[in-house]
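What follows is work_36.cif (mmCIF, C-alpha atoms).
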```
data_my_file
#
loop_
_atom_site.label_atom_id
_atom_site.label_comp_id
_atom_site.auth_asym_id
_atom_site.auth_seq_id
_atom_site.Cartn_x
_atom_site.Cartn_y
_atom_site.Cartn_z
CA MET A 14 179.77 219.31 107.88
CA THR A 15 178.99 217.28 110.99
CA GLN A 16 176.01 215.08 111.71
CA ALA A 17 174.50 215.29 115.17
CA ILE A 18 173.17 212.25 117.01
CA GLU A 19 169.80 213.36 118.35
CA GLU A 20 169.33 210.58 120.93
CA PRO A 21 172.70 209.11 121.92
CA TRP A 22 172.30 205.82 123.74
CA GLY A 23 175.16 203.53 122.75
CA ILE A 24 176.32 201.80 119.59
CA SER A 25 174.43 200.05 116.78
CA VAL A 26 176.24 197.66 114.42
CA PHE A 27 175.41 195.35 111.55
CA GLY A 28 176.63 191.77 111.26
CA SER A 29 176.20 188.98 108.73
CA GLY A 30 176.91 185.27 108.83
CA THR A 31 177.06 182.57 106.17
CA VAL A 32 177.10 178.79 106.48
CA ARG A 33 178.01 176.43 103.65
CA ALA A 34 177.05 172.77 103.46
CA GLU A 35 177.09 169.96 100.95
CA PRO A 36 173.65 169.45 99.34
CA SER A 37 171.67 166.43 100.51
CA LEU A 38 168.88 166.48 97.93
CA ALA A 39 168.03 167.73 94.45
CA ARG A 40 164.83 169.01 92.86
CA LEU A 41 164.39 168.16 89.21
CA ARG A 42 161.73 169.90 87.11
CA PRO A 43 160.85 167.83 84.02
CA ALA A 44 158.05 168.87 81.68
CA VAL A 45 155.98 167.08 79.05
CA ASP A 46 155.17 169.16 75.95
CA VAL A 47 153.28 167.55 73.07
CA LEU A 48 151.92 169.08 69.85
CA ALA A 49 149.42 166.91 67.95
CA ALA A 50 146.83 167.26 65.21
CA SER A 51 143.85 166.77 67.53
CA PRO A 52 143.09 167.25 71.23
CA GLU A 53 142.57 163.50 71.65
CA GLN A 54 145.98 162.72 70.18
CA ALA A 55 147.66 165.42 72.28
CA PHE A 56 146.13 164.09 75.50
CA GLN A 57 146.98 160.50 74.60
CA GLN A 58 150.61 161.19 73.72
CA ALA A 59 151.13 163.36 76.79
CA GLY A 60 149.48 160.76 79.04
CA GLU A 61 151.75 158.04 77.65
CA ALA A 62 154.81 160.21 78.25
CA VAL A 63 153.71 160.92 81.84
CA ALA A 64 153.20 157.18 82.48
CA ARG A 65 156.72 156.40 81.22
CA LEU A 66 158.10 159.24 83.30
CA ARG A 67 156.45 157.88 86.46
CA GLU A 68 157.83 154.42 85.77
CA VAL A 69 161.38 155.74 85.47
CA LEU A 70 161.03 157.64 88.75
CA ARG A 71 159.76 154.57 90.59
CA ARG A 72 162.61 152.51 89.16
CA HIS A 73 165.04 155.03 90.64
CA GLY A 74 163.38 154.72 94.04
CA VAL A 75 161.56 158.07 93.92
CA PRO A 76 158.22 157.63 95.75
CA ASP A 77 155.05 159.15 94.37
CA ALA A 78 154.90 161.43 97.42
CA ALA A 79 158.15 163.08 96.26
CA VAL A 80 156.60 164.03 92.92
CA SER A 81 154.32 167.04 92.58
CA GLY A 82 152.86 168.00 89.25
CA SER A 83 150.31 170.03 87.37
CA ARG A 84 147.28 168.84 85.47
CA LEU A 85 147.55 168.30 81.75
CA GLY A 86 146.85 171.62 80.05
CA LEU A 87 145.59 171.93 76.47
CA SER A 88 145.83 174.94 74.15
CA SER A 89 145.50 175.63 70.42
CA GLU A 90 148.66 176.69 68.62
CA TYR A 91 148.73 178.84 65.51
CA GLY A 92 151.39 179.89 63.04
CA GLY A 93 151.62 182.89 60.74
CA HIS A 94 150.02 186.30 61.02
CA GLY A 95 146.84 187.95 59.81
CA GLY A 96 145.25 186.17 56.89
CA ASP A 97 148.09 183.63 56.77
CA ARG A 98 147.39 182.46 60.33
CA THR A 99 146.84 178.71 60.39
CA LEU A 100 146.19 176.12 63.08
CA LEU A 101 149.33 174.11 63.76
CA GLY A 102 147.72 171.74 66.23
CA TYR A 103 146.94 171.28 69.90
CA ARG A 104 149.61 171.56 72.57
CA CYS A 105 149.33 169.54 75.76
CA GLN A 106 151.71 170.39 78.62
CA ALA A 107 152.38 169.21 82.15
CA SER A 108 155.25 170.07 84.50
CA TYR A 109 156.54 168.22 87.54
CA ALA A 110 158.80 168.78 90.53
CA VAL A 111 160.75 165.69 91.59
CA GLU A 112 162.74 165.52 94.83
CA THR A 113 165.48 162.93 95.27
CA GLY A 114 168.32 162.34 97.70
CA ALA A 115 170.23 160.03 95.34
CA LEU A 116 172.65 162.68 94.08
CA ASP A 117 175.18 160.15 92.79
CA GLY A 118 172.66 158.89 90.25
CA LEU A 119 171.21 162.28 89.32
CA GLU A 120 172.76 162.50 85.84
CA ARG A 121 171.49 159.05 84.94
CA LEU A 122 168.03 159.93 86.29
CA VAL A 123 167.90 163.08 84.15
CA ALA A 124 168.95 161.17 81.05
CA GLU A 125 166.35 158.44 81.59
CA VAL A 126 163.61 160.95 82.34
CA VAL A 127 164.30 162.67 79.02
CA ASP A 128 164.43 159.32 77.19
CA ALA A 129 161.10 158.37 78.78
CA GLY A 130 159.30 161.36 77.31
CA ALA A 131 160.15 164.53 79.22
CA HIS A 132 160.58 167.08 76.47
CA ARG A 133 162.56 169.50 78.58
CA ILE A 134 164.10 170.01 82.03
CA ASP A 135 163.11 173.40 83.43
CA GLY A 136 165.73 173.31 86.16
CA VAL A 137 167.76 171.38 88.72
CA GLU A 138 168.13 172.82 92.22
CA PHE A 139 170.18 171.54 95.14
CA ASP A 140 169.09 171.86 98.76
CA VAL A 141 169.68 170.52 102.28
CA ARG A 142 167.18 168.71 104.49
CA ASP A 143 168.06 170.32 107.82
CA LYS A 144 167.96 173.94 106.66
CA GLU A 145 166.74 175.25 110.02
CA SER A 146 169.96 174.13 111.72
CA LEU A 147 171.99 175.95 109.07
CA LEU A 148 169.90 179.09 109.55
CA ASP A 149 170.44 178.95 113.31
CA GLU A 150 174.20 178.69 112.85
CA ALA A 151 174.18 181.55 110.32
CA ARG A 152 172.32 183.71 112.85
CA ARG A 153 174.88 182.87 115.55
CA ARG A 154 177.69 183.87 113.21
CA ALA A 155 175.92 187.11 112.33
CA VAL A 156 175.62 187.99 116.03
CA ALA A 157 179.28 187.12 116.63
CA ALA A 158 180.36 189.31 113.67
CA ALA A 159 178.30 192.23 114.96
CA ARG A 160 179.73 191.86 118.47
CA ARG A 161 183.32 191.81 117.13
CA LYS A 162 182.67 194.98 115.15
CA ALA A 163 181.10 196.70 118.15
CA GLN A 164 184.07 195.74 120.31
CA VAL A 165 186.49 197.35 117.84
CA TYR A 166 184.46 200.57 117.75
CA ALA A 167 184.21 200.71 121.52
CA GLU A 168 187.95 200.19 122.03
CA ALA A 169 188.75 202.82 119.40
CA ALA A 170 186.49 205.27 121.24
CA ASP A 171 188.13 204.46 124.59
CA ALA A 172 184.93 202.93 125.90
CA ARG A 173 183.79 199.57 127.17
CA LEU A 174 181.05 197.55 125.53
CA GLY A 175 177.97 197.13 127.68
CA PRO A 176 175.08 194.65 127.44
CA VAL A 177 172.92 194.17 124.35
CA LEU A 178 169.96 196.55 124.31
CA HIS A 179 168.45 195.81 120.92
CA ILE A 180 168.41 192.96 118.37
CA GLN A 181 166.91 193.46 114.91
CA ASP A 182 166.61 190.65 112.38
CA VAL A 183 167.39 192.37 109.09
CA GLU A 184 165.97 189.51 107.04
CA SER A 185 163.09 187.67 108.73
CA GLU A 186 163.41 184.67 106.42
CA PRO A 187 167.02 184.33 105.21
CA VAL A 188 167.19 182.72 101.78
CA ALA A 189 169.52 179.88 100.90
CA ALA A 190 171.61 180.23 97.76
CA PHE A 191 171.82 177.02 95.75
CA ARG A 192 175.06 177.18 93.82
CA ALA A 193 174.84 174.52 91.10
CA ALA A 194 177.51 174.35 88.44
CA ALA A 195 176.66 172.89 85.05
CA GLY A 196 179.51 171.65 82.93
CA GLY A 197 179.84 169.94 79.60
CA GLY A 198 182.25 167.20 80.63
CA PRO A 199 181.14 163.58 80.88
CA SER A 200 182.26 163.32 84.51
CA GLY A 201 180.42 166.33 85.90
CA ALA A 202 177.52 167.57 83.82
CA LEU A 203 175.61 168.23 87.03
CA ALA A 204 178.08 169.25 89.71
CA PRO A 205 176.42 170.76 92.80
CA GLY A 206 178.34 173.39 94.67
CA ALA A 207 177.86 174.25 98.30
CA VAL A 208 174.48 175.32 99.60
CA GLU A 209 174.90 178.73 101.22
CA VAL A 210 172.58 180.07 103.94
CA SER A 211 173.01 183.64 105.17
CA ALA A 212 171.55 185.74 107.97
CA ARG A 213 171.90 189.42 108.87
CA VAL A 214 171.32 191.22 112.14
CA VAL A 215 171.65 194.65 113.78
CA LEU A 216 172.72 194.72 117.43
CA GLY A 217 172.54 197.67 119.80
CA PHE A 218 174.91 197.84 122.79
CA SER A 219 175.23 200.23 125.65
CA LEU A 220 178.62 201.87 126.25
CA ARG A 221 180.55 202.32 129.49
CA HIS A 222 183.39 204.67 130.16
#
```

Please render this file's structure as structure tokens.
Amino acid sequence: MTQAIEEPWGISVFGSGTVRAEPSLARLRPAVDVLAASPEQAFQQAGEAVARLREVLRRHGVPDAAVSGSRLGLSSEYGGHGGDRTLLGYRCQASYAVETGALDGLERLVAEVVDAGAHRIDGVEFDVRDKESLLDEARRRAVAAARRKAQVYAEAADARLGPVLHIQDVESEPVAAFRAAAGGGPSGALAPGAVEVSARVVLGFSLRH
């Protein structure tokens, strides 16, 4: 069975490009989570934990502008089911996103944040500051890969590659992959891998014989 090309005009090829770079910053997501007998106690204990958390961040040189957080939220918490359902207390929660470029001291920062009152760490992500430059380079590599592929097809078909007629960005906003490795050893509990940025493109070329 053969497939006919209804409107032959040239050659269309796909190309992808990836750039890897060492991370230049980290985003830490600590959270305060307090359960107390009364709303007043829950708010007070959570507020004290947040104050200690802020002090640790300032001591590590993290400016207030690099910290974004949520308001303190309060909810009732119950245990049991049906007729055995009882009030356990009032839970007060607040989460934060902290950005820092001091990667060498990241493990110590995490430990001190937890000691200061953060009840959990919802995640640690690694990123780069000049992501646009990486995206531009990934796009160039994607175009180069597509052109190489088109050249091979053209030569195999005993044709010559003509000018580019069409460029289609397959992914309008390429996403960076943050490859962070977590280990249990004392010398690398938070070991960031390379930050990968990828781009994909479809190029259309004319053909000459």

Q: Show which residues sit within 12 Å of A:Gly28, as a ChimeraX atom specification. Count all atoms listed in the file, and ignore same-chain residues fewer than 4 positions away.
A: /A:151-163,180-184,211-217

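Distances to A:Asp46 were evaluated for A:Val177, A:Ile134, A:Val210, A:Ala78 using all atoms listed in the file, and the minimum falls at A:Ile134.
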
**Q.** Computed interatomic separation between atom CA of A:Leu41 and atom CA of A:Val111 (Å)
**A.**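 Rounded to one decimal, the two atoms are 5.0 Å apart.
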
(Q) Please enumerate the residues selected by the PyMOL selection byres ((chain A and resi 69-74) around 9) when evaluated against the supplied file, formatted as a PyMOL selection string. (A) chain A and resi 64-68+75-77+80+111+113+115+118+122+125-126+129

Serialized selection, C-alpha atoms, as an mmCIF file, in the coordinates of the input:
```cif
data_model
loop_
_atom_site.group_PDB
_atom_site.id
_atom_site.type_symbol
_atom_site.label_atom_id
_atom_site.label_comp_id
_atom_site.auth_asym_id
_atom_site.auth_seq_id
_atom_site.Cartn_x
_atom_site.Cartn_y
_atom_site.Cartn_z
ATOM 1 C CA ALA A 64 153.200 157.180 82.480
ATOM 2 C CA ARG A 65 156.720 156.400 81.220
ATOM 3 C CA LEU A 66 158.100 159.240 83.300
ATOM 4 C CA ARG A 67 156.450 157.880 86.460
ATOM 5 C CA GLU A 68 157.830 154.420 85.770
ATOM 6 C CA VAL A 75 161.560 158.070 93.920
ATOM 7 C CA PRO A 76 158.220 157.630 95.750
ATOM 8 C CA ASP A 77 155.050 159.150 94.370
ATOM 9 C CA VAL A 80 156.600 164.030 92.920
ATOM 10 C CA VAL A 111 160.750 165.690 91.590
ATOM 11 C CA THR A 113 165.480 162.930 95.270
ATOM 12 C CA ALA A 115 170.230 160.030 95.340
ATOM 13 C CA GLY A 118 172.660 158.890 90.250
ATOM 14 C CA LEU A 122 168.030 159.930 86.290
ATOM 15 C CA GLU A 125 166.350 158.440 81.590
ATOM 16 C CA VAL A 126 163.610 160.950 82.340
ATOM 17 C CA ALA A 129 161.100 158.370 78.780
#
```

Q: Please write the residues picked by the PyMOL selection byres ((chain A and resi 172) around 12) on this file as a list in words.
A: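 So the PyMOL selection byres ((chain A and resi 172) around 12), applied here, picks out Gly23, Ile24, Ala163, Gln164, Val165, Tyr166, Ala167, Glu168, Ala169, Ala170, Asp171, Arg173, Leu174, Gly175, Phe218, Ser219, Leu220, Arg221 and His222 of chain A.
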
**Q.** Atom-to-atom span, atom CA of A:Pro43 and atom CA of A:Glu138, Å
**A.**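 These two atoms are separated by 12.0 Å.
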
Q. Residues at most 9 Å from A:Ala110, counting only C-alpha atoms, excluding those fewer than 2 positions away in the same chain, as a list of chain:residue names?
A. A:Arg40, A:Leu41, A:Arg42, A:Pro43, A:Ala44, A:Ala79, A:Val80, A:Ser81, A:Gly82, A:Ser108, A:Glu112

Q. How many Å lie between atom CA of A:Asp140 and atom CA of A:Gly206, rounded to one decimal?
A.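 Atom-to-atom, atom CA of A:Asp140 and atom CA of A:Gly206 are spaced 10.2 Å apart.
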
Q | Surrounding residues of A:Ala34 excluding itself and chain neighbours under 2 positions, 8 Å, all atoms listed in the file, as a ChimeraX atom specification | A | /A:32,36,141,207-209

Q: Show which residues sit within 8 Å of A:Val63, as a PyMOL selection string. Count all atoms listed in the file, and ignore same-chain residues fewer than 3 positions away.
A: chain A and resi 45+59-60+66-67+130-131

Q.
Residues within 9 Å of (147.8, 166.8, 85.7), file coordinates, counting all atoms listed in the file: what are they? Give the list as a PyMOL selection string.
A. chain A and resi 82-86+106-108

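Of the residues listed (A:Val47, A:Ala39, A:Val26, A:Leu178), A:Ala39 shows the shortest atom-to-atom separation from A:Asp117; distances use only C-alpha atoms.
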
Q) Given the choices A:Val137, A:Leu147, A:Leu100, A:Cys105, which gets closest to A:Ala62 if the distance is worked out from all atoms listed in the file? A)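 Nearest to A:Ala62: A:Cys105.
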
(Q) Here's the selection I'm unsure about, the PyMOL selection byres ((chain A and resi 50) around 7); applied to the file above, which residues does it give, as a list of chain:residue names? (A)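 That selection, the PyMOL selection byres ((chain A and resi 50) around 7), comes back as A:Ala49, A:Ser51, A:Gln54, A:Gly102, A:Tyr103.
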
Write stretch 109-120 of chain A as a short mmCIF file (atom, residue, chain, number, x, y, z; two decimals), in the frame of the given file, completed to all heavy atoms.
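Saved as part.cif:
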```cif
data_model
loop_
_atom_site.label_atom_id
_atom_site.label_comp_id
_atom_site.auth_asym_id
_atom_site.auth_seq_id
_atom_site.Cartn_x
_atom_site.Cartn_y
_atom_site.Cartn_z
N TYR A 109 156.42 168.97 86.28
CA TYR A 109 156.54 168.22 87.54
C TYR A 109 157.74 168.72 88.33
O TYR A 109 158.70 169.26 87.77
CB TYR A 109 156.70 166.72 87.25
CG TYR A 109 155.47 166.10 86.64
CD1 TYR A 109 155.26 166.14 85.26
CD2 TYR A 109 154.49 165.51 87.43
CE1 TYR A 109 154.13 165.60 84.69
CE2 TYR A 109 153.35 164.97 86.86
CZ TYR A 109 153.17 165.01 85.50
OH TYR A 109 152.04 164.50 84.94
N ALA A 110 157.68 168.53 89.65
CA ALA A 110 158.80 168.78 90.53
C ALA A 110 159.12 167.46 91.24
O ALA A 110 158.26 166.89 91.90
CB ALA A 110 158.47 169.86 91.55
N VAL A 111 160.33 166.99 91.06
CA VAL A 111 160.75 165.69 91.59
C VAL A 111 161.87 165.91 92.59
O VAL A 111 162.87 166.57 92.29
CB VAL A 111 161.24 164.77 90.46
CG1 VAL A 111 161.69 163.43 91.02
CG2 VAL A 111 160.15 164.59 89.41
N GLU A 112 161.72 165.38 93.79
CA GLU A 112 162.74 165.52 94.83
C GLU A 112 163.41 164.17 95.07
O GLU A 112 162.73 163.16 95.27
CB GLU A 112 162.11 166.04 96.12
CG GLU A 112 163.12 166.33 97.23
CD GLU A 112 162.46 166.97 98.44
OE1 GLU A 112 162.02 168.13 98.32
OE2 GLU A 112 162.38 166.30 99.49
N THR A 113 164.74 164.17 95.06
CA THR A 113 165.48 162.93 95.27
C THR A 113 166.74 163.21 96.09
O THR A 113 167.36 164.26 95.97
CB THR A 113 165.88 162.29 93.93
OG1 THR A 113 166.68 161.12 94.19
CG2 THR A 113 166.68 163.23 93.06
N GLY A 114 167.09 162.24 96.93
CA GLY A 114 168.32 162.34 97.70
C GLY A 114 169.46 161.55 97.10
O GLY A 114 170.58 161.57 97.61
N ALA A 115 169.20 160.85 96.00
CA ALA A 115 170.23 160.03 95.34
C ALA A 115 171.03 160.90 94.38
O ALA A 115 170.86 160.84 93.15
CB ALA A 115 169.57 158.86 94.61
N LEU A 116 171.90 161.74 94.91
CA LEU A 116 172.65 162.68 94.08
C LEU A 116 173.66 161.99 93.18
O LEU A 116 173.97 162.49 92.09
CB LEU A 116 173.36 163.71 94.97
CG LEU A 116 172.45 164.57 95.86
CD1 LEU A 116 173.27 165.62 96.59
CD2 LEU A 116 171.35 165.22 95.04
N ASP A 117 174.19 160.85 93.61
CA ASP A 117 175.18 160.15 92.79
C ASP A 117 174.58 159.66 91.47
O ASP A 117 175.29 159.56 90.48
CB ASP A 117 175.76 158.96 93.56
CG ASP A 117 176.63 159.40 94.73
OD1 ASP A 117 177.07 160.58 94.72
OD2 ASP A 117 176.86 158.60 95.64
N GLY A 118 173.29 159.36 91.47
CA GLY A 118 172.66 158.89 90.25
C GLY A 118 171.82 159.93 89.55
O GLY A 118 170.97 159.59 88.70
N LEU A 119 172.05 161.22 89.86
CA LEU A 119 171.21 162.28 89.32
C LEU A 119 171.35 162.42 87.81
O LEU A 119 170.35 162.58 87.09
CB LEU A 119 171.55 163.61 90.01
CG LEU A 119 170.68 164.80 89.62
CD1 LEU A 119 169.21 164.52 89.93
CD2 LEU A 119 171.15 166.07 90.34
N GLU A 120 172.57 162.35 87.29
CA GLU A 120 172.76 162.50 85.84
C GLU A 120 172.05 161.38 85.09
O GLU A 120 171.41 161.63 84.05
CB GLU A 120 174.25 162.51 85.51
CG GLU A 120 174.98 163.74 86.01
CD GLU A 120 176.44 163.72 85.61
OE1 GLU A 120 176.77 163.12 84.56
OE2 GLU A 120 177.26 164.30 86.33
#
```
